[in-house]
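Visitor: Got a structure for you, questions after.
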Amino acid sequence: MSELAVAALRLGLLLVMWILIISIVSSQGRDLMVGARNKVRPRGKNPAPVAAGAAAGTAGSPSGGPSGGAPASGTGGQSTGQQQARPLPTRLQVTEGPLQGSVVDLHGSPLLLGRAQEADLVLDDDYVSGRHARLFPQGSRWFLEDLGSTNGTYVSGSQLTRTVAVDPGTPIRIGKTVLELRS
Amino acid sequence: MSQVSSTPRPRRNTELVLLLLGLCIGTGASLLAGLGMDREITSDYWVQAAVLAIMSLVFHLVLRLRARYADPYILPIVVTLNGLGIAMIHRIDVAEGDDAASRQLMWTVVAMGVAIALLWLLKDHRVLRRWPYLFLAASGILLLLPLIPGLGMEINGARIWINLGVGSFQPGEIAKITLAIFFAGYLSANRDLILLAGKKIGPVTFPRFRDMGPLVIAWLISMGVLVFQRDLGSAILFFGLFMAMIYLATSRVSWIILGLVLVAVGGLIAVNTISHVGLRVDAWLHAFDPEVYNRGAGSYQIVQGLFGLASGGLLGTGLGGGRPDIVAYANSDMIIASFGEELGFIGLSAILMLFVLLVTRMLRAALGTRDAFGKLLAAGLAFTMALQCFVVIGGVTMVIPLTGLTTPFMAAGGSSLLANWIVVTLVLMVSQSARKPVAVGPMVNASGSGSGHLDRTSGVPVETPAGGVTA
């Protein structure tokens, strides 16, 4: 084959390689634009900063005044704007069971409930699993997730089948213990 | 939903088109190399092209059947890289009178066969989460295998191979995957404990030892074994994997700082005490010093590689037009220099771009999936692949000291090929679970029972119509 043809084919190979790259990039379209579309996501991923941010936001908004519209929350102001007015409950009260009357202060970080010693709230009760349930903040609400416990977690009398939001005053039953969030 | 959701389209046809384009590149490169060297196009060329094409089309069909929603870009990218690798190895074979390309082709068939079997049998990567300690034990055994007398082989001062009778195998490559599975499984289950329980000293919260224990043990085993085997490249890779996984799970920058300090201290000690590492660093710092250049373990290889890259220029000498075979290990450690010489800056940057795209696709799978285990696994594996590319290509281009690692999918070497195909298959499975449409009914526990602690985004928004987090 003539040298010219080989040289042309060599250039052609480089061209085809870049055509492949360009077609991959162009067919991805908006698939990689994760950051632009989903600003909330990083907040969801890091529990500690989220909680800190949410707490700061809620602490800031009353002083800033509800009339201020989307208040001082800064990072997540738009997405959580509606909820921002309500402060994140800060206490977990035990209303029934062996630990009745005790109060757990919540610092806006996730809480593990269960019989195991490593749990944040140790419930010494045969009906409670080692790692029974998890309470975690997101935005301005607390969410409760059953961690596959044997006897289940009940919110307002119905058993949890998935993660639900828990409002202050709603009874959470785990074994013999009943808990309530307080603002 | 705060989940990064993509439109649930399988996009397998896109994959097929891109795959055919990739196969054209691999085959075209091989044929061009033959033409460039004025060789007769023997049956070898067609056998290689046909085998690669058949295997990738079978892989594609299995994806259609078993993982319809898996990422459509990963397979074409990987097949392109693998095809280019075989083409270059074959081209260097012709110059050197070796037969590495048929071994590489055989290993490609084995690797893709294993990958297909894995895809067919495993289907859901979450099964792997069940036995983290099994994978820890497997990693330990795999890393220790080369130290067993009789079974282990020492090549060029590194004792990282085992003799399989038919050929050598590097079990450390597989240990990289099993260790990643262990880290992902352990961290996804114990993340909250590591984050929350512990003493706060100054601004840093130190986790309790019993929460960190298994991780520290895993790390010590891999590092200790690597020190005994004198394999610097793998040591960097394992350490990077460890740091990346911890950071991904806890999102604490303090870990990264701590890790970098450890790298600096460990690096200084290694340079001053281990002669083999000291020589490597010397060859990097004073590469063009005639004394270092002519020394036994000197900078001859790396400088020849640089000359090769330089003679390639912008467009390259064309496949078959250069002399990449002058460089030692032109088809394995230095294959990037060979490509730089023959495809030039434009071709080499295309290859780098393919690696970048591959890593972004792997990270995208991690972002999209709902389970903590899959997230950690895919992101950890993506980071490892990126780090490996950096260490190899950085070494060849003299950004960092040269260490013996393989360029993923391209360099001659069966164990690396097998390991990387398994990595890609695992990520494809994660992306399948990330992209497939979910049916969320009222009774579905979307996060799955005990699905790990990272998993706080799923299922939640269904309950919050007012939208605490709904975008």
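Ordered as shown in the structure tokens, chains take letters A, B, and onward, while each chain numbers its residues from 1 and ligands are numbered from 1 in the order shown.
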If you count only C-alpha atoms, which residues fall within 10 Å of Gly169 in chain A, apart from same-chain ones fewer than 3 positions away, as a list in words?
Guide: Leu92, Gln93, Ser156, Val166, Ile172, Leu179, Glu180, Leu181, Arg182 and Ser183 of chain A
Visitor: Please dump the current selection as a PDB file, in the first residue's frame; keep C-alpha atoms.
Guide:
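Result saved to result-v2.pdb:
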ATOM      1  CA  LEU A  92     -36.154  12.944  72.902  1.00  0.00           C
ATOM      2  CA  GLN A  93     -38.308  12.145  75.933  1.00  0.00           C
ATOM      3  CA  SER A 156     -48.558   6.134  66.439  1.00  0.00           C
ATOM      4  CA  VAL A 166     -41.534  11.767  63.048  1.00  0.00           C
ATOM      5  CA  ILE A 172     -42.543   5.924  69.035  1.00  0.00           C
ATOM      6  CA  LEU A 179     -40.395   7.804  73.106  1.00  0.00           C
ATOM      7  CA  GLU A 180     -41.507  11.237  71.956  1.00  0.00           C
ATOM      8  CA  LEU A 181     -39.702  14.074  70.280  1.00  0.00           C
ATOM      9  CA  ARG A 182     -39.973  17.447  71.986  1.00  0.00           C
ATOM     10  CA  SER A 183     -39.095  20.798  70.505  1.00  0.00           C
TER      11      SER A 183
END
Visitor: Using only C-alpha atoms, which protein or nucleic acid residues come within 9 Å of Gly130 in chain A? Drop anything in the same chain fewer than 2 positions from it, and give the result as a PDB file with N, CA and C atoms, in the first residue's frame.
Guide:
ATOM      1  N   LEU A 113     -30.767   3.479  68.222  1.00  0.00           N
ATOM      2  CA  LEU A 113     -31.549   2.994  69.352  1.00  0.00           C
ATOM      3  C   LEU A 113     -31.476   1.478  69.359  1.00  0.00           C
ATOM      4  N   GLY A 114     -31.249   0.889  70.530  1.00  0.00           N
ATOM      5  CA  GLY A 114     -31.198  -0.563  70.574  1.00  0.00           C
ATOM      6  C   GLY A 114     -30.645  -1.060  71.883  1.00  0.00           C
ATOM      7  N   ARG A 115     -30.506  -2.388  71.960  1.00  0.00           N
ATOM      8  CA  ARG A 115     -30.066  -3.018  73.197  1.00  0.00           C
ATOM      9  C   ARG A 115     -28.535  -3.076  73.283  1.00  0.00           C
ATOM     10  N   ALA A 116     -27.882  -2.960  72.121  1.00  0.00           N
ATOM     11  CA  ALA A 116     -26.424  -3.081  72.107  1.00  0.00           C
ATOM     12  C   ALA A 116     -25.778  -1.926  72.862  1.00  0.00           C
ATOM     13  N   GLN A 117     -24.620  -2.208  73.457  1.00  0.00           N
ATOM     14  CA  GLN A 117     -23.935  -1.188  74.258  1.00  0.00           C
ATOM     15  C   GLN A 117     -23.510   0.009  73.414  1.00  0.00           C
ATOM     16  N   GLU A 118     -23.302  -0.224  72.125  1.00  0.00           N
ATOM     17  CA  GLU A 118     -22.819   0.882  71.299  1.00  0.00           C
ATOM     18  C   GLU A 118     -23.942   1.826  70.880  1.00  0.00           C
ATOM     19  N   ALA A 119     -25.185   1.487  71.200  1.00  0.00           N
ATOM     20  CA  ALA A 119     -26.293   2.353  70.806  1.00  0.00           C
ATOM     21  C   ALA A 119     -26.217   3.665  71.572  1.00  0.00           C
ATOM     22  N   VAL A 122     -29.409   3.184  74.973  1.00  0.00           N
ATOM     23  CA  VAL A 122     -29.425   1.738  75.221  1.00  0.00           C
ATOM     24  C   VAL A 122     -30.737   1.383  75.906  1.00  0.00           C
ATOM     25  N   LEU A 123     -31.526   0.548  75.265  1.00  0.00           N
ATOM     26  CA  LEU A 123     -32.809   0.119  75.820  1.00  0.00           C
ATOM     27  C   LEU A 123     -32.650  -1.323  76.293  1.00  0.00           C
ATOM     28  N   VAL A 128     -36.227  -5.741  72.541  1.00  0.00           N
ATOM     29  CA  VAL A 128     -35.525  -4.779  71.680  1.00  0.00           C
ATOM     30  C   VAL A 128     -34.335  -5.476  71.036  1.00  0.00           C
ATOM     31  N   HIS A 132     -31.726  -1.638  66.809  1.00  0.00           N
ATOM     32  CA  HIS A 132     -33.152  -1.734  66.559  1.00  0.00           C
ATOM     33  C   HIS A 132     -33.635  -0.702  65.534  1.00  0.00           C
ATOM     34  N   SER A 149     -35.366  -4.860  62.868  1.00  0.00           N
ATOM     35  CA  SER A 149     -35.517  -5.398  64.217  1.00  0.00           C
ATOM     36  C   SER A 149     -36.462  -6.589  64.216  1.00  0.00           C
TER      37      SER A 149
END
Visitor: Calculate how many Å separate CA of Thr407 in chain B from CA of Asn82 in chain B, rounding to one decimal.
Guide: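 Taking CA of Thr407 in chain B and CA of Asn82 in chain B, their separation equals 10.5 Å.
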Visitor: Quick one: residues within 9 Å of Ala95 in chain B, only C-alpha atoms counted, chain neighbours fewer than 2 positions away excluded, as a VMD selection string?
Guide: chain B and resid 37 90 to 93 97 to 98 320 323 to 325
Visitor: Can you write out the residues you just picked, keeping all heavy atoms, as a compact mmCIF listing (two decimals), in the first residue's frame?
Guide:
# COMPACT_ATOMS: atom_id res chain seq x y z
N MET B 37 4.54 -1.77 9.38
CA MET B 37 5.81 -2.49 9.42
C MET B 37 6.02 -3.31 8.15
O MET B 37 6.89 -4.17 8.12
CB MET B 37 5.84 -3.40 10.66
CG MET B 37 5.94 -2.60 11.94
SD MET B 37 6.08 -3.63 13.40
CE MET B 37 4.51 -4.42 13.43
N HIS B 90 0.98 -6.90 20.22
CA HIS B 90 1.26 -7.68 19.03
C HIS B 90 2.30 -6.98 18.16
O HIS B 90 3.22 -7.60 17.63
CB HIS B 90 -0.03 -7.91 18.24
CG HIS B 90 0.13 -8.91 17.13
ND1 HIS B 90 -0.35 -8.71 15.88
CD2 HIS B 90 0.74 -10.11 17.10
CE1 HIS B 90 -0.03 -9.74 15.11
NE2 HIS B 90 0.62 -10.61 15.83
N ARG B 91 2.18 -5.67 18.07
CA ARG B 91 3.11 -4.89 17.28
C ARG B 91 4.53 -5.00 17.85
O ARG B 91 5.51 -5.13 17.10
CB ARG B 91 2.63 -3.44 17.27
CG ARG B 91 3.47 -2.47 16.48
CD ARG B 91 4.15 -1.49 17.41
NE ARG B 91 5.12 -0.69 16.69
CZ ARG B 91 6.35 -1.12 16.40
NH1 ARG B 91 6.72 -2.33 16.74
NH2 ARG B 91 7.19 -0.34 15.76
N ILE B 92 4.64 -4.97 19.19
CA ILE B 92 5.96 -5.08 19.81
C ILE B 92 6.48 -6.52 19.68
O ILE B 92 7.69 -6.73 19.49
CB ILE B 92 5.89 -4.61 21.28
CG1 ILE B 92 5.61 -3.11 21.32
CG2 ILE B 92 7.19 -4.91 22.02
CD1 ILE B 92 5.26 -2.56 22.66
N ASP B 93 5.56 -7.49 19.73
CA ASP B 93 5.93 -8.89 19.48
C ASP B 93 6.64 -9.04 18.14
O ASP B 93 7.66 -9.71 18.03
CB ASP B 93 4.68 -9.77 19.42
CG ASP B 93 4.23 -10.18 20.80
OD1 ASP B 93 4.95 -9.84 21.76
OD2 ASP B 93 3.18 -10.82 20.91
N GLY B 97 10.05 -10.46 18.22
CA GLY B 97 9.96 -11.89 18.02
C GLY B 97 9.43 -12.63 19.23
O GLY B 97 9.83 -13.74 19.54
N ASP B 98 8.52 -11.99 19.94
CA ASP B 98 7.95 -12.58 21.15
C ASP B 98 6.55 -13.11 20.83
O ASP B 98 6.07 -12.98 19.70
CB ASP B 98 7.89 -11.50 22.23
CG ASP B 98 7.67 -12.10 23.61
OD1 ASP B 98 7.58 -13.34 23.70
OD2 ASP B 98 7.59 -11.33 24.58
N GLY B 320 3.62 1.12 14.03
CA GLY B 320 4.57 0.39 13.22
C GLY B 320 5.69 1.28 12.71
O GLY B 320 6.65 0.79 12.14
N ARG B 323 10.08 3.00 17.18
CA ARG B 323 10.85 1.90 17.75
C ARG B 323 10.56 1.75 19.23
O ARG B 323 11.45 1.84 20.06
CB ARG B 323 12.36 2.18 17.56
CG ARG B 323 12.86 2.11 16.13
CD ARG B 323 12.71 0.73 15.50
NE ARG B 323 13.23 -0.36 16.33
CZ ARG B 323 14.51 -0.71 16.39
NH1 ARG B 323 15.41 -0.08 15.70
NH2 ARG B 323 14.89 -1.72 17.16
N PRO B 324 9.30 1.52 19.61
CA PRO B 324 9.00 1.42 21.03
C PRO B 324 9.69 0.23 21.69
O PRO B 324 9.87 0.20 22.90
CB PRO B 324 7.48 1.26 21.06
CG PRO B 324 7.12 0.74 19.73
CD PRO B 324 8.11 1.31 18.79
N ASP B 325 10.11 -0.75 20.88
CA ASP B 325 10.69 -1.96 21.44
C ASP B 325 12.07 -1.73 22.06
O ASP B 325 12.59 -2.61 22.74
CB ASP B 325 10.77 -3.04 20.35
CG ASP B 325 11.40 -2.51 19.08
OD1 ASP B 325 10.77 -1.65 18.43
OD2 ASP B 325 12.52 -2.93 18.74
Visitor: Taking only C-alpha atoms into account, name the residue in A:Arg162, A:Arg141, A:Arg134, A:Arg30 that is nearest to chain B.
Guide: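 Of the candidates, the smallest distance to chain B is held by A:Arg162.
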Visitor: Quick one, how far is CA of Pro171 in chain B from CA of Thr360 in chain B?
Guide: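 A separation of 26.9 Å between them.
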